[in-house]
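Structure data follow from coords_2.cif (mmCIF, C-alpha atoms):
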data_protein
#
loop_
_atom_site.label_atom_id
_atom_site.label_comp_id
_atom_site.auth_asym_id
_atom_site.auth_seq_id
_atom_site.Cartn_x
_atom_site.Cartn_y
_atom_site.Cartn_z
CA MET A 1 -0.02 32.41 15.70
CA ASN A 2 0.15 31.95 19.47
CA ALA A 3 1.43 28.81 21.17
CA LEU A 4 -2.05 27.54 22.04
CA ASN A 5 -3.19 27.85 18.43
CA VAL A 6 -0.06 26.07 17.16
CA THR A 7 -0.68 23.22 19.58
CA GLU A 8 -4.30 22.94 18.47
CA LEU A 9 -3.28 23.08 14.81
CA MET A 10 -0.69 20.32 15.13
CA GLN A 11 -2.99 18.12 17.22
CA ALA A 12 -5.69 18.45 14.56
CA MET A 13 -3.21 17.63 11.79
CA GLY A 14 -2.03 14.61 13.76
CA VAL A 15 -5.57 13.28 14.16
CA GLN A 16 -6.28 13.78 10.46
CA ALA A 17 -3.02 12.10 9.43
CA ARG A 18 -3.66 9.08 11.65
CA GLN A 19 -7.16 8.67 10.21
CA ALA A 20 -5.89 9.07 6.66
CA SER A 21 -3.10 6.54 7.22
CA ALA A 22 -5.65 3.77 7.74
CA GLN A 23 -7.19 4.54 4.35
CA MET A 24 -3.79 4.74 2.64
CA ALA A 25 -2.65 1.42 4.10
CA LYS A 26 -5.48 -0.44 2.38
CA ALA A 27 -5.47 1.54 -0.88
CA SER A 28 -4.95 -0.54 -4.00
CA THR A 29 -1.81 -0.28 -6.08
CA ALA A 30 -3.87 1.03 -9.01
CA THR A 31 -5.38 3.81 -6.89
CA LYS A 32 -2.02 4.94 -5.51
CA ASN A 33 -0.49 4.91 -8.98
CA GLN A 34 -3.42 6.90 -10.36
CA ALA A 35 -2.86 9.55 -7.68
CA LEU A 36 0.79 9.82 -8.69
CA LYS A 37 -0.07 10.13 -12.40
CA THR A 38 -2.72 12.72 -11.62
CA LEU A 39 -0.23 14.69 -9.54
CA ALA A 40 2.26 14.64 -12.43
CA ALA A 41 -0.41 15.99 -14.79
CA LEU A 42 -1.42 18.71 -12.32
CA LEU A 43 2.18 19.83 -11.89
CA ARG A 44 2.64 20.16 -15.65
CA ALA A 45 -0.67 22.01 -16.02
CA ASN A 46 0.16 24.52 -13.28
CA VAL A 47 3.70 25.60 -14.14
CA ASP A 48 2.76 29.28 -14.55
CA ALA A 49 0.65 29.41 -11.38
CA LEU A 50 3.38 27.69 -9.35
CA GLN A 51 5.94 30.20 -10.56
CA VAL A 52 3.72 33.08 -9.40
CA ASP A 53 3.69 31.68 -5.86
CA ASN A 54 7.37 30.80 -6.08
CA ALA A 55 8.18 34.39 -7.09
CA LYS A 56 6.78 35.60 -3.75
CA ASP A 57 9.30 33.41 -1.91
CA ILE A 58 12.14 34.48 -4.22
CA ASP A 59 11.35 38.19 -3.80
CA ARG A 60 11.19 37.85 -0.03
CA ALA A 61 14.46 35.88 0.07
CA VAL A 62 16.28 38.46 -2.06
CA ALA A 63 14.93 41.31 0.07
CA ALA A 64 16.13 39.50 3.20
CA GLY A 65 19.65 39.23 1.75
CA LEU A 66 19.67 35.44 1.41
CA ALA A 67 22.84 34.24 -0.31
CA ALA A 68 22.55 33.69 -4.06
CA PRO A 69 23.09 29.88 -3.91
CA MET A 70 20.28 29.61 -1.35
CA VAL A 71 17.99 31.71 -3.53
CA ASP A 72 18.73 29.42 -6.46
CA ARG A 73 17.71 26.41 -4.38
CA LEU A 74 14.29 28.01 -3.90
CA ARG A 75 13.52 28.39 -7.60
CA LEU A 76 10.71 26.31 -9.07
CA THR A 77 11.80 26.58 -12.68
CA PRO A 78 9.87 24.78 -15.44
CA LYS A 79 12.72 22.27 -15.55
CA VAL A 80 12.48 21.57 -11.79
CA ILE A 81 8.71 21.11 -12.07
CA ALA A 82 9.12 18.79 -15.07
CA THR A 83 11.68 16.73 -13.15
CA VAL A 84 9.47 16.17 -10.10
CA ALA A 85 6.49 15.38 -12.36
CA GLU A 86 8.58 12.76 -14.12
CA GLY A 87 9.62 11.42 -10.73
CA CYS A 88 5.95 10.85 -9.83
CA GLU A 89 5.43 8.88 -13.04
CA GLN A 90 8.55 6.81 -12.42
CA LEU A 91 7.29 5.92 -8.94
CA ALA A 92 3.92 4.95 -10.39
CA ALA A 93 5.69 2.55 -12.76
CA MET A 94 7.62 0.85 -9.95
CA PRO A 95 6.37 -2.34 -8.25
CA ASP A 96 4.27 -1.93 -5.12
CA VAL A 97 6.03 -3.60 -2.19
CA ILE A 98 3.13 -3.21 0.25
CA GLY A 99 1.66 -6.60 1.12
CA ASP A 100 4.66 -8.58 -0.11
CA ILE A 101 5.36 -11.63 2.06
CA VAL A 102 9.00 -12.65 2.33
CA GLY A 103 10.83 -15.56 3.93
CA LEU A 104 7.79 -17.84 4.30
CA LYS A 105 9.02 -21.11 5.85
CA GLN A 106 7.31 -24.25 7.04
CA GLN A 107 7.96 -25.04 10.71
CA PRO A 108 8.00 -28.52 12.34
CA SER A 109 4.65 -27.73 13.95
CA GLY A 110 3.02 -27.33 10.53
CA ILE A 111 2.62 -23.54 10.63
CA ARG A 112 4.23 -21.36 7.97
CA VAL A 113 5.94 -18.19 9.21
CA GLY A 114 6.97 -15.19 7.09
CA GLN A 115 7.05 -11.42 7.13
CA MET A 116 4.73 -8.98 5.37
CA ARG A 117 5.80 -5.50 4.27
CA VAL A 118 3.42 -2.82 5.56
CA PRO A 119 3.42 1.00 5.72
CA ILE A 120 4.99 2.69 8.74
CA GLY A 121 1.80 4.73 9.23
CA VAL A 122 2.46 8.46 9.62
CA PHE A 123 5.79 10.16 9.10
CA GLY A 124 6.68 13.75 9.75
CA MET A 125 9.27 15.48 7.61
CA VAL A 126 11.04 18.74 8.40
CA PHE A 127 13.09 20.17 5.57
CA GLU A 128 14.73 23.38 4.42
CA SER A 129 15.08 25.32 1.17
CA ARG A 130 14.20 23.30 -1.93
CA PRO A 131 10.40 23.25 -2.43
CA ASN A 132 10.69 20.28 -4.82
CA VAL A 133 11.24 18.15 -1.69
CA THR A 134 7.52 18.63 -1.01
CA ILE A 135 6.68 16.58 -4.09
CA GLU A 136 9.42 14.02 -3.50
CA ALA A 137 8.16 13.38 0.04
CA ALA A 138 4.50 13.39 -0.95
CA SER A 139 4.97 11.01 -3.86
CA LEU A 140 7.00 8.54 -1.77
CA SER A 141 4.36 8.73 0.96
CA ILE A 142 1.59 7.93 -1.53
CA LYS A 143 3.45 5.02 -3.13
CA SER A 144 4.35 3.50 0.25
CA GLY A 145 0.78 3.75 1.56
CA ASN A 146 1.61 6.18 4.36
CA ALA A 147 0.26 9.52 5.51
CA CYS A 148 2.66 12.38 6.16
CA ILE A 149 2.88 15.82 7.73
CA LEU A 150 5.38 18.07 5.99
CA ARG A 151 7.01 21.16 7.41
CA GLY A 152 9.10 23.05 4.87
CA GLY A 153 11.37 26.00 5.49
CA SER A 154 9.84 29.43 6.09
CA GLU A 155 11.75 30.74 3.07
CA ALA A 156 9.63 28.52 0.74
CA ILE A 157 6.26 28.73 2.48
CA GLU A 158 4.21 30.02 -0.48
CA SER A 159 5.73 27.52 -2.92
CA ASN A 160 5.22 24.63 -0.52
CA LYS A 161 1.58 25.50 0.16
CA ALA A 162 0.87 25.74 -3.58
CA LEU A 163 2.51 22.36 -4.22
CA ALA A 164 0.72 20.71 -1.30
CA LYS A 165 -2.61 21.98 -2.65
CA LEU A 166 -1.95 20.12 -5.92
CA VAL A 167 -1.01 16.96 -4.00
CA GLN A 168 -4.27 17.08 -2.04
CA GLN A 169 -6.23 17.63 -5.26
CA ALA A 170 -4.55 14.59 -6.84
CA LEU A 171 -5.40 12.49 -3.79
CA SER A 172 -9.05 13.59 -3.76
CA ASP A 173 -9.45 13.14 -7.52
CA SER A 174 -8.16 9.58 -7.12
CA GLY A 175 -10.50 8.67 -4.27
CA LEU A 176 -7.89 8.91 -1.51
CA PRO A 177 -8.07 11.12 1.61
CA ALA A 178 -6.66 14.60 1.01
CA ASP A 179 -5.31 14.62 4.57
CA ALA A 180 -2.88 11.83 3.64
CA VAL A 181 -0.43 14.62 2.79
CA GLN A 182 -0.57 17.78 4.89
CA MET A 183 1.68 20.82 4.79
CA VAL A 184 2.10 22.75 8.06
CA PRO A 185 0.74 26.19 7.07
CA THR A 186 2.64 28.24 9.65
CA THR A 187 6.30 29.29 9.85
CA ASP A 188 6.14 29.28 13.67
CA ARG A 189 9.07 27.15 14.92
CA GLU A 190 6.87 25.78 17.69
CA ALA A 191 5.09 23.71 15.03
CA VAL A 192 8.24 21.64 14.64
CA GLY A 193 8.46 21.22 18.41
CA GLN A 194 4.91 19.87 18.41
CA LEU A 195 5.38 17.62 15.37
CA ILE A 196 8.38 15.78 16.85
CA THR A 197 6.70 15.19 20.22
CA MET A 198 3.43 13.56 19.10
CA PRO A 199 4.10 9.80 19.24
CA GLN A 200 0.37 9.15 19.41
CA TYR A 201 0.06 10.47 15.84
CA VAL A 202 3.54 10.38 14.27
CA ASP A 203 5.51 7.13 13.92
CA VAL A 204 8.81 8.55 12.66
CA VAL A 205 10.34 11.94 11.86
CA ILE A 206 12.73 12.61 8.98
CA PRO A 207 14.74 15.86 9.14
CA ARG A 208 16.39 17.02 5.92
CA GLY A 209 18.53 20.10 6.14
CA GLY A 210 21.50 21.60 7.92
CA LYS A 211 23.32 20.09 10.86
CA GLY A 212 21.70 22.51 13.33
CA LEU A 213 18.19 21.44 12.33
CA ILE A 214 19.02 17.74 12.50
CA GLU A 215 20.77 18.06 15.87
CA ARG A 216 17.80 19.90 17.34
CA ILE A 217 15.30 17.32 16.14
CA SER A 218 17.48 14.38 17.22
CA ARG A 219 17.82 15.95 20.69
CA ASP A 220 14.19 16.93 21.25
CA ALA A 221 12.15 14.31 19.40
CA LYS A 222 9.96 11.87 21.30
CA VAL A 223 9.45 9.73 18.19
CA PRO A 224 12.11 7.78 16.25
CA VAL A 225 14.24 9.86 13.87
CA ILE A 226 15.73 8.78 10.52
CA LYS A 227 18.68 11.06 9.93
CA HIS A 228 22.29 11.73 9.12
CA LEU A 229 24.20 14.60 10.69
CA ASP A 230 27.26 14.84 8.44
CA GLY A 231 28.51 13.66 5.09
CA ASN A 232 32.22 13.28 5.81
CA CYS A 233 32.82 10.81 2.98
CA HIS A 234 36.20 9.33 2.01
CA THR A 235 37.88 7.99 -1.09
CA TYR A 236 40.80 5.63 -0.42
CA VAL A 237 43.31 5.04 -3.21
CA ASP A 238 44.75 1.59 -2.60
CA ASP A 239 48.03 -0.09 -3.51
CA PRO A 240 47.61 -1.61 -6.08
CA CYS A 241 45.18 0.41 -8.19
CA ASP A 242 44.60 1.66 -11.72
CA ILE A 243 46.10 5.15 -11.35
CA ALA A 244 44.23 6.66 -14.32
CA MET A 245 40.91 5.34 -13.02
CA ALA A 246 41.70 6.50 -9.49
CA VAL A 247 42.42 10.03 -10.73
CA ARG A 248 39.17 10.13 -12.67
CA VAL A 249 37.05 8.83 -9.77
CA ALA A 250 38.73 10.95 -7.08
CA ASP A 251 38.19 14.01 -9.25
CA ASN A 252 34.48 13.27 -9.72
CA ALA A 253 33.94 12.35 -6.06
CA LYS A 254 35.14 15.80 -5.00
CA THR A 255 34.44 18.23 -7.86
CA ASN A 256 31.30 16.92 -9.57
CA LYS A 257 29.39 19.07 -7.07
CA TYR A 258 30.71 20.47 -3.80
CA SER A 259 27.54 20.94 -1.75
CA PRO A 260 25.94 17.45 -1.58
CA CYS A 261 26.46 15.22 1.43
CA ASN A 262 27.90 12.45 -0.79
CA ALA A 263 30.85 14.48 -2.08
CA SER A 264 34.19 13.15 -0.83
CA GLU A 265 35.72 15.36 1.84
CA GLY A 266 38.72 13.16 2.64
CA LEU A 267 41.24 11.53 0.30
CA LEU A 268 43.44 8.72 1.68
CA VAL A 269 46.30 7.46 -0.44
CA ALA A 270 48.37 4.32 0.09
CA ARG A 271 52.07 5.14 0.37
CA GLY A 272 52.97 2.73 -2.43
CA VAL A 273 51.06 4.73 -5.06
CA ALA A 274 51.20 8.22 -3.53
CA LYS A 275 54.20 9.40 -5.58
CA ASP A 276 52.42 8.54 -8.86
CA PHE A 277 48.89 9.49 -7.87
CA LEU A 278 49.09 12.67 -5.82
CA PRO A 279 50.77 15.00 -8.34
CA ARG A 280 48.20 13.99 -10.98
CA ILE A 281 45.11 14.54 -8.82
CA GLY A 282 46.77 17.60 -7.29
CA ALA A 283 47.09 19.23 -10.72
CA ILE A 284 43.38 18.68 -11.37
CA TYR A 285 42.35 20.02 -7.98
CA ALA A 286 44.64 23.03 -8.43
CA ALA A 287 43.09 23.81 -11.83
CA LYS A 288 39.63 23.69 -10.27
CA GLY A 289 40.57 25.82 -7.27
CA VAL A 290 40.29 23.07 -4.65
CA GLU A 291 42.23 23.76 -1.47
CA MET A 292 44.16 20.71 -0.22
CA ARG A 293 44.64 20.30 3.54
CA CYS A 294 47.40 17.76 3.88
CA ASP A 295 49.50 15.77 6.28
CA ALA A 296 53.27 16.33 5.98
CA GLU A 297 53.86 13.49 3.52
CA ALA A 298 51.08 14.48 1.15
CA LYS A 299 52.14 18.13 1.35
CA THR A 300 55.67 17.23 0.26
CA LEU A 301 54.42 15.24 -2.73
CA LEU A 302 52.10 18.08 -3.80
CA ALA A 303 54.62 20.88 -3.32
CA SER A 304 55.70 20.88 -6.95
CA VAL A 305 52.18 21.12 -8.41
CA ALA A 306 51.80 24.47 -10.14
CA GLY A 307 49.10 26.69 -8.67
CA ALA A 308 48.20 24.24 -5.93
CA LYS A 309 46.84 25.66 -2.70
CA VAL A 310 48.31 23.25 -0.14
CA VAL A 311 48.04 23.88 3.61
CA ASP A 312 48.73 21.86 6.74
CA ALA A 313 45.78 19.79 7.97
CA THR A 314 44.69 20.07 11.58
CA GLU A 315 43.18 17.24 13.60
CA GLN A 316 39.75 18.78 13.02
CA ASP A 317 40.20 18.58 9.25
CA TRP A 318 39.97 14.79 9.36
CA PHE A 319 36.46 15.14 10.85
CA GLU A 320 35.30 18.00 8.65
CA GLU A 321 32.41 18.10 6.17
CA TYR A 322 33.44 21.07 4.01
CA LEU A 323 30.62 21.25 1.42
CA ALA A 324 33.10 23.46 -0.45
CA PRO A 325 36.14 23.20 -2.78
CA ILE A 326 38.33 21.92 0.06
CA ILE A 327 39.58 18.38 0.66
CA SER A 328 41.73 16.76 3.34
CA ILE A 329 44.51 14.50 2.04
CA LYS A 330 46.54 11.93 3.98
CA VAL A 331 49.12 9.32 3.00
CA VAL A 332 48.53 6.05 4.86
CA ASP A 333 50.51 2.82 5.19
CA GLY A 334 47.84 0.78 3.41
CA LEU A 335 44.43 -0.85 3.76
CA ASP A 336 44.43 -1.39 7.54
CA ALA A 337 45.40 2.22 8.23
CA ALA A 338 42.77 3.47 5.77
CA ILE A 339 40.01 1.43 7.39
CA ASP A 340 41.05 2.57 10.86
CA HIS A 341 41.09 6.22 9.77
CA ILE A 342 37.67 6.01 8.12
CA ASN A 343 35.99 4.21 11.01
CA HIS A 344 37.40 6.79 13.44
CA TYR A 345 36.88 10.05 11.54
CA SER A 346 34.07 9.46 9.04
CA SER A 347 30.40 10.20 9.59
CA HIS A 348 29.54 6.65 8.41
CA HIS A 349 27.75 8.00 5.34
CA THR A 350 29.64 6.82 2.23
CA ASP A 351 33.22 5.63 1.74
CA ALA A 352 34.96 4.18 -1.32
CA ILE A 353 38.07 2.16 -2.15
CA LEU A 354 39.81 2.37 -5.53
CA THR A 355 41.76 -0.86 -6.00
CA THR A 356 42.67 -3.73 -8.30
CA HIS A 357 43.11 -6.12 -5.35
CA HIS A 358 40.02 -8.30 -4.89
CA ILE A 359 40.76 -9.31 -1.29
CA HIS A 360 41.36 -5.66 -0.32
CA ALA A 361 38.02 -4.72 -1.89
CA GLN A 362 36.19 -7.47 0.02
CA ARG A 363 37.81 -6.49 3.32
CA PHE A 364 36.90 -2.83 2.77
CA LEU A 365 33.27 -3.77 2.10
CA ARG A 366 33.09 -5.89 5.26
CA GLU A 367 35.08 -3.77 7.67
CA VAL A 368 34.19 -0.15 6.87
CA ASP A 369 31.25 0.76 9.11
CA SER A 370 29.30 3.08 6.82
CA ALA A 371 25.81 3.19 5.32
CA SER A 372 27.20 2.92 1.77
CA VAL A 373 30.55 1.30 0.95
CA MET A 374 31.84 1.35 -2.61
CA VAL A 375 34.51 -0.30 -4.75
CA ASN A 376 35.93 1.58 -7.75
CA ALA A 377 33.11 4.11 -7.92
CA SER A 378 32.56 7.75 -7.00
CA THR A 379 30.92 8.48 -3.66
CA ARG A 380 28.59 10.81 -5.60
CA PHE A 381 26.56 7.71 -6.52
CA ALA A 382 25.20 7.50 -2.94
CA ASP A 383 21.72 8.61 -3.94
CA GLY A 384 18.30 6.98 -4.03
CA PHE A 385 17.77 7.59 -7.73
CA GLU A 386 21.21 6.23 -8.64
CA TYR A 387 20.55 3.16 -6.48
CA GLY A 388 17.37 2.41 -8.40
CA LEU A 389 15.04 3.33 -5.54
CA GLY A 390 13.05 5.71 -7.77
CA ALA A 391 13.52 8.54 -5.31
CA GLU A 392 14.76 9.10 -1.80
CA ILE A 393 13.35 10.94 1.16
CA GLY A 394 16.76 11.26 2.79
CA ILE A 395 19.86 9.34 3.78
CA SER A 396 20.21 7.53 7.07
CA THR A 397 23.44 6.80 8.93
CA ASP A 398 21.50 5.10 11.71
CA LYS A 399 21.77 1.32 12.00
CA PHE A 400 18.19 0.45 12.87
CA HIS A 401 15.42 0.06 10.32
CA ALA A 402 16.67 2.19 7.40
CA ARG A 403 20.33 2.73 6.48
CA GLY A 404 21.68 4.61 3.48
CA PRO A 405 19.33 6.26 0.93
CA VAL A 406 15.75 5.90 2.19
CA GLY A 407 13.27 5.05 -0.55
CA ILE A 408 9.91 3.28 -0.55
CA GLU A 409 11.07 0.29 1.51
CA GLY A 410 12.60 2.64 4.10
CA LEU A 411 9.09 3.98 4.72
CA THR A 412 7.75 0.51 5.47
CA SER A 413 8.01 -2.03 8.25
CA LEU A 414 7.82 -5.81 8.42
CA LYS A 415 5.32 -7.69 10.54
CA TYR A 416 5.27 -11.43 11.11
CA VAL A 417 2.47 -13.43 9.52
CA VAL A 418 1.64 -17.01 10.47
CA LEU A 419 -0.37 -19.32 8.19
CA GLY A 420 -1.87 -22.43 9.70
CA ASP A 421 -4.42 -25.14 9.14
CA GLY A 422 -5.79 -25.67 12.61
CA GLU A 423 -2.44 -26.35 14.32
CA VAL A 424 -2.31 -26.07 18.12
CA ARG A 425 0.77 -25.85 20.27
CA ALA A 426 1.69 -29.04 22.13
#
Starting from the file, give its structure as structure tokens.
Amino acid sequence: MNALNVTELMQAMGVQARQASAQMAKASTATKNQALKTLAALLRANVDALQVDNAKDIDRAVAAGLAAPMVDRLRLTPKVIATVAEGCEQLAAMPDVIGDIVGLKQQPSGIRVGQMRVPIGVFGMVFESRPNVTIEAASLSIKSGNACILRGGSEAIESNKALAKLVQQALSDSGLPADAVQMVPTTDREAVGQLITMPQYVDVVIPRGGKGLIERISRDAKVPVIKHLDGNCHTYVDDPCDIAMAVRVADNAKTNKYSPCNASEGLLVARGVAKDFLPRIGAIYAAKGVEMRCDAEAKTLLASVAGAKVVDATEQDWFEEYLAPIISIKVVDGLDAAIDHINHYSSHHTDAILTTHHIHAQRFLREVDSASVMVNASTRFADGFEYGLGAEIGISTDKFHARGPVGIEGLTSLKYVVLGDGEVRA
């Protein structure tokens, strides 16, 4: 597809999305929920057909030499399809926040002023690998009364087109505009360039993928971007703490799964508990093959752990998002030093304190400048589903509008509403 055709395609999709967004914004809760239930039924009824299209992507990925973990992320197994179908039904069962009026207060003039929750309008989403993201994004868009333009990775093009076709059928069958969810049908990279520079049609862009993709979109976009670049999350083991609990949580935060952005990449340990804590967590990490990149003090305390792979940390290690069985470990003086380290080196995604000291916990919550801050819990909980949002379209480390896991409310805005009874300004 040549550049002119890509431009024409994206302009047409933008026009259609903007028109559809007006219909979605006024759709009833019952209609939106019916579309989600219909989509769930269509997904379950088309498992075999979806796997045929998915197999084309898998075969092409294998032939291209894509790494095995990346190939696995492409698979639309019956279990994956069942999970996203269930997600649609869960969203349908959740309350509809559109039209809610909050903070309504009577003013001295007699008017009442509040804020109403409304859809953003049109969002664009650019994502890589997992085709199930197509359904997650589409279902959140439907529930929040928005329209969206989706651009999946070229490696999943056949799967994404097949899924988007079912979404559009569910919309049409429910009396909603099919163009409320559109999948960019070309793998031409210029389509992304067009999508992120159409403020007349697109209100916000959400990139979901590797750091290179997110950096490019953040740099080139002419519309607002909801994004996070890194997931350099920390677990801080405080003095005092419950050592057994701290070992259990620090283990889960790192080893539950290495690739997500909410896995802990840095472990900070207060000097007062380091001698008791580090050998115990070090033995677990060693058994699981986790490499420990340590400052001098932590390295000394871990030296006696059998089978431990302990190396000297560099300055860059404190900044690093490994997404692998590697963790940086540092012994710190205490709470103040831990907070300073996190605010300097972290990516402001998710950071946790493990402590039995209430005042320390409260200070950590107030003073750590991250999108999610936790007390006595694994950073792996930083997830829209775990937070009770039903689903998430991504995680934001920005400070405006949406911060942390972005669910339905993150795809809405607030506008002021004023209720009067003939009042005039003096």
Once the PyMOL selection byres ((chain A and resi 130) around 10) is applied to the coordinates I shared, what remains selected? I want it as a PDB file with C-alpha atoms, in the coordinates of the input.
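In the end it all went to out35.pdb:
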ATOM      1  CA  MET A  70      20.280  29.610  -1.350  1.00  0.00           C
ATOM      2  CA  VAL A  71      17.990  31.710  -3.530  1.00  0.00           C
ATOM      3  CA  ASP A  72      18.730  29.420  -6.460  1.00  0.00           C
ATOM      4  CA  ARG A  73      17.710  26.410  -4.380  1.00  0.00           C
ATOM      5  CA  LEU A  74      14.290  28.010  -3.900  1.00  0.00           C
ATOM      6  CA  ARG A  75      13.520  28.390  -7.600  1.00  0.00           C
ATOM      7  CA  LEU A  76      10.710  26.310  -9.070  1.00  0.00           C
ATOM      8  CA  PHE A 127      13.090  20.170   5.570  1.00  0.00           C
ATOM      9  CA  GLU A 128      14.730  23.380   4.420  1.00  0.00           C
ATOM     10  CA  SER A 129      15.080  25.320   1.170  1.00  0.00           C
ATOM     11  CA  PRO A 131      10.400  23.250  -2.430  1.00  0.00           C
ATOM     12  CA  ASN A 132      10.690  20.280  -4.820  1.00  0.00           C
ATOM     13  CA  VAL A 133      11.240  18.150  -1.690  1.00  0.00           C
ATOM     14  CA  THR A 134       7.520  18.630  -1.010  1.00  0.00           C
ATOM     15  CA  GLY A 152       9.100  23.050   4.870  1.00  0.00           C
ATOM     16  CA  GLY A 153      11.370  26.000   5.490  1.00  0.00           C
ATOM     17  CA  GLU A 155      11.750  30.740   3.070  1.00  0.00           C
ATOM     18  CA  ALA A 156       9.630  28.520   0.740  1.00  0.00           C
ATOM     19  CA  SER A 159       5.730  27.520  -2.920  1.00  0.00           C
ATOM     20  CA  ASN A 160       5.220  24.630  -0.520  1.00  0.00           C
ATOM     21  CA  GLY A 209      18.530  20.100   6.140  1.00  0.00           C
TER      22      GLY A 209
END
Discussion item. Give me the residues near Leu411 (chain A) as a PyMOL selection string, where near means some atom within 8 Å (using all atoms listed in the file) and where sequence neighbours in that chain fewer than 6 positions away do not count.
Written reply: chain A and resi 119-120+141+144+146
Worksheet item: Got a sec to resolve the PyMOL selection byres ((chain A and resi 230) around 9) on this structure and send the residues as a list in words?
Response: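 The output of the PyMOL selection byres ((chain A and resi 230) around 9) on this file is Gly210, Lys211, His228, Leu229, Gly231, Asn232, Cys233, Cys261, Glu320, Glu321, Ser346, Ser347, His348, His349 and Thr397 of chain A.
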Worksheet item: Evaluating the PyMOL selection byres ((chain A and resi 283) around 12) on the displayed file yields which residues, as a PyMOL selection string?
Response: chain A and resi 247+251+277-282+284-292+301-310
Worksheet item: With distances taken over only C-alpha atoms, which of A:Gln23, A:Asn262, A:Gln362, A:Thr356 is nearest to Ala382 (chain A)?
Response: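 For Ala382 (chain A), the nearest of the candidates is A:Asn262.
Proximity to Asn46 (chain A) was assessed for A:Val204, A:Ile111, A:Gly175, A:Leu166 counting all atoms listed in the file; the smallest distance is recorded for A:Leu166.
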Item to complete: Determine, counting only C-alpha atoms, which protein, DNA and RNA residues have an atom within 9 Å of an atom of Ala138 (chain A); residues of the same chain fewer than 6 positions away are not included. Present the result as a list in words.
Response: Ala147, Cys148, Leu150, Ala164, Val167, Ala180, Val181 and Gln182 of chain A
Discussion item. Considering only C-alpha atoms, can you say which of A:Ala391, A:Glu386, A:Pro69, A:Asp369 comes closest to Arg403 (chain A)?
Written reply: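 With only C-alpha atoms as the atom set, the closest residue is A:Asp369.
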Taking the block just given, write region 351-370 of chain A to a file that holds C-alpha atoms, as a tab-separated table (two decimals), in the first residue's frame.
chain	number	residue	atom	x	y	z
A	351	ASP	CA	6.84	0.33	44.39
A	352	ALA	CA	6.18	-1.53	47.64
A	353	ILE	CA	7.25	-1.39	51.29
A	354	LEU	CA	7.24	-4.46	53.55
A	355	THR	CA	7.00	-3.21	57.13
A	356	THR	CA	5.35	-3.56	60.53
A	357	HIS	CA	5.81	0.17	61.27
A	358	HIS	CA	2.59	2.09	60.61
A	359	ILE	CA	4.22	5.53	60.37
A	360	HIS	CA	6.83	4.19	57.92
A	361	ALA	CA	4.04	2.73	55.78
A	362	GLN	CA	2.15	6.03	55.74
A	363	ARG	CA	5.26	8.01	54.83
A	364	PHE	CA	6.08	5.58	52.01
A	365	LEU	CA	2.55	5.94	50.60
A	366	ARG	CA	2.75	9.74	50.69
A	367	GLU	CA	6.32	10.31	49.60
A	368	VAL	CA	7.02	7.69	46.90
A	369	ASP	CA	6.15	9.31	43.58
A	370	SER	CA	4.78	6.32	41.67
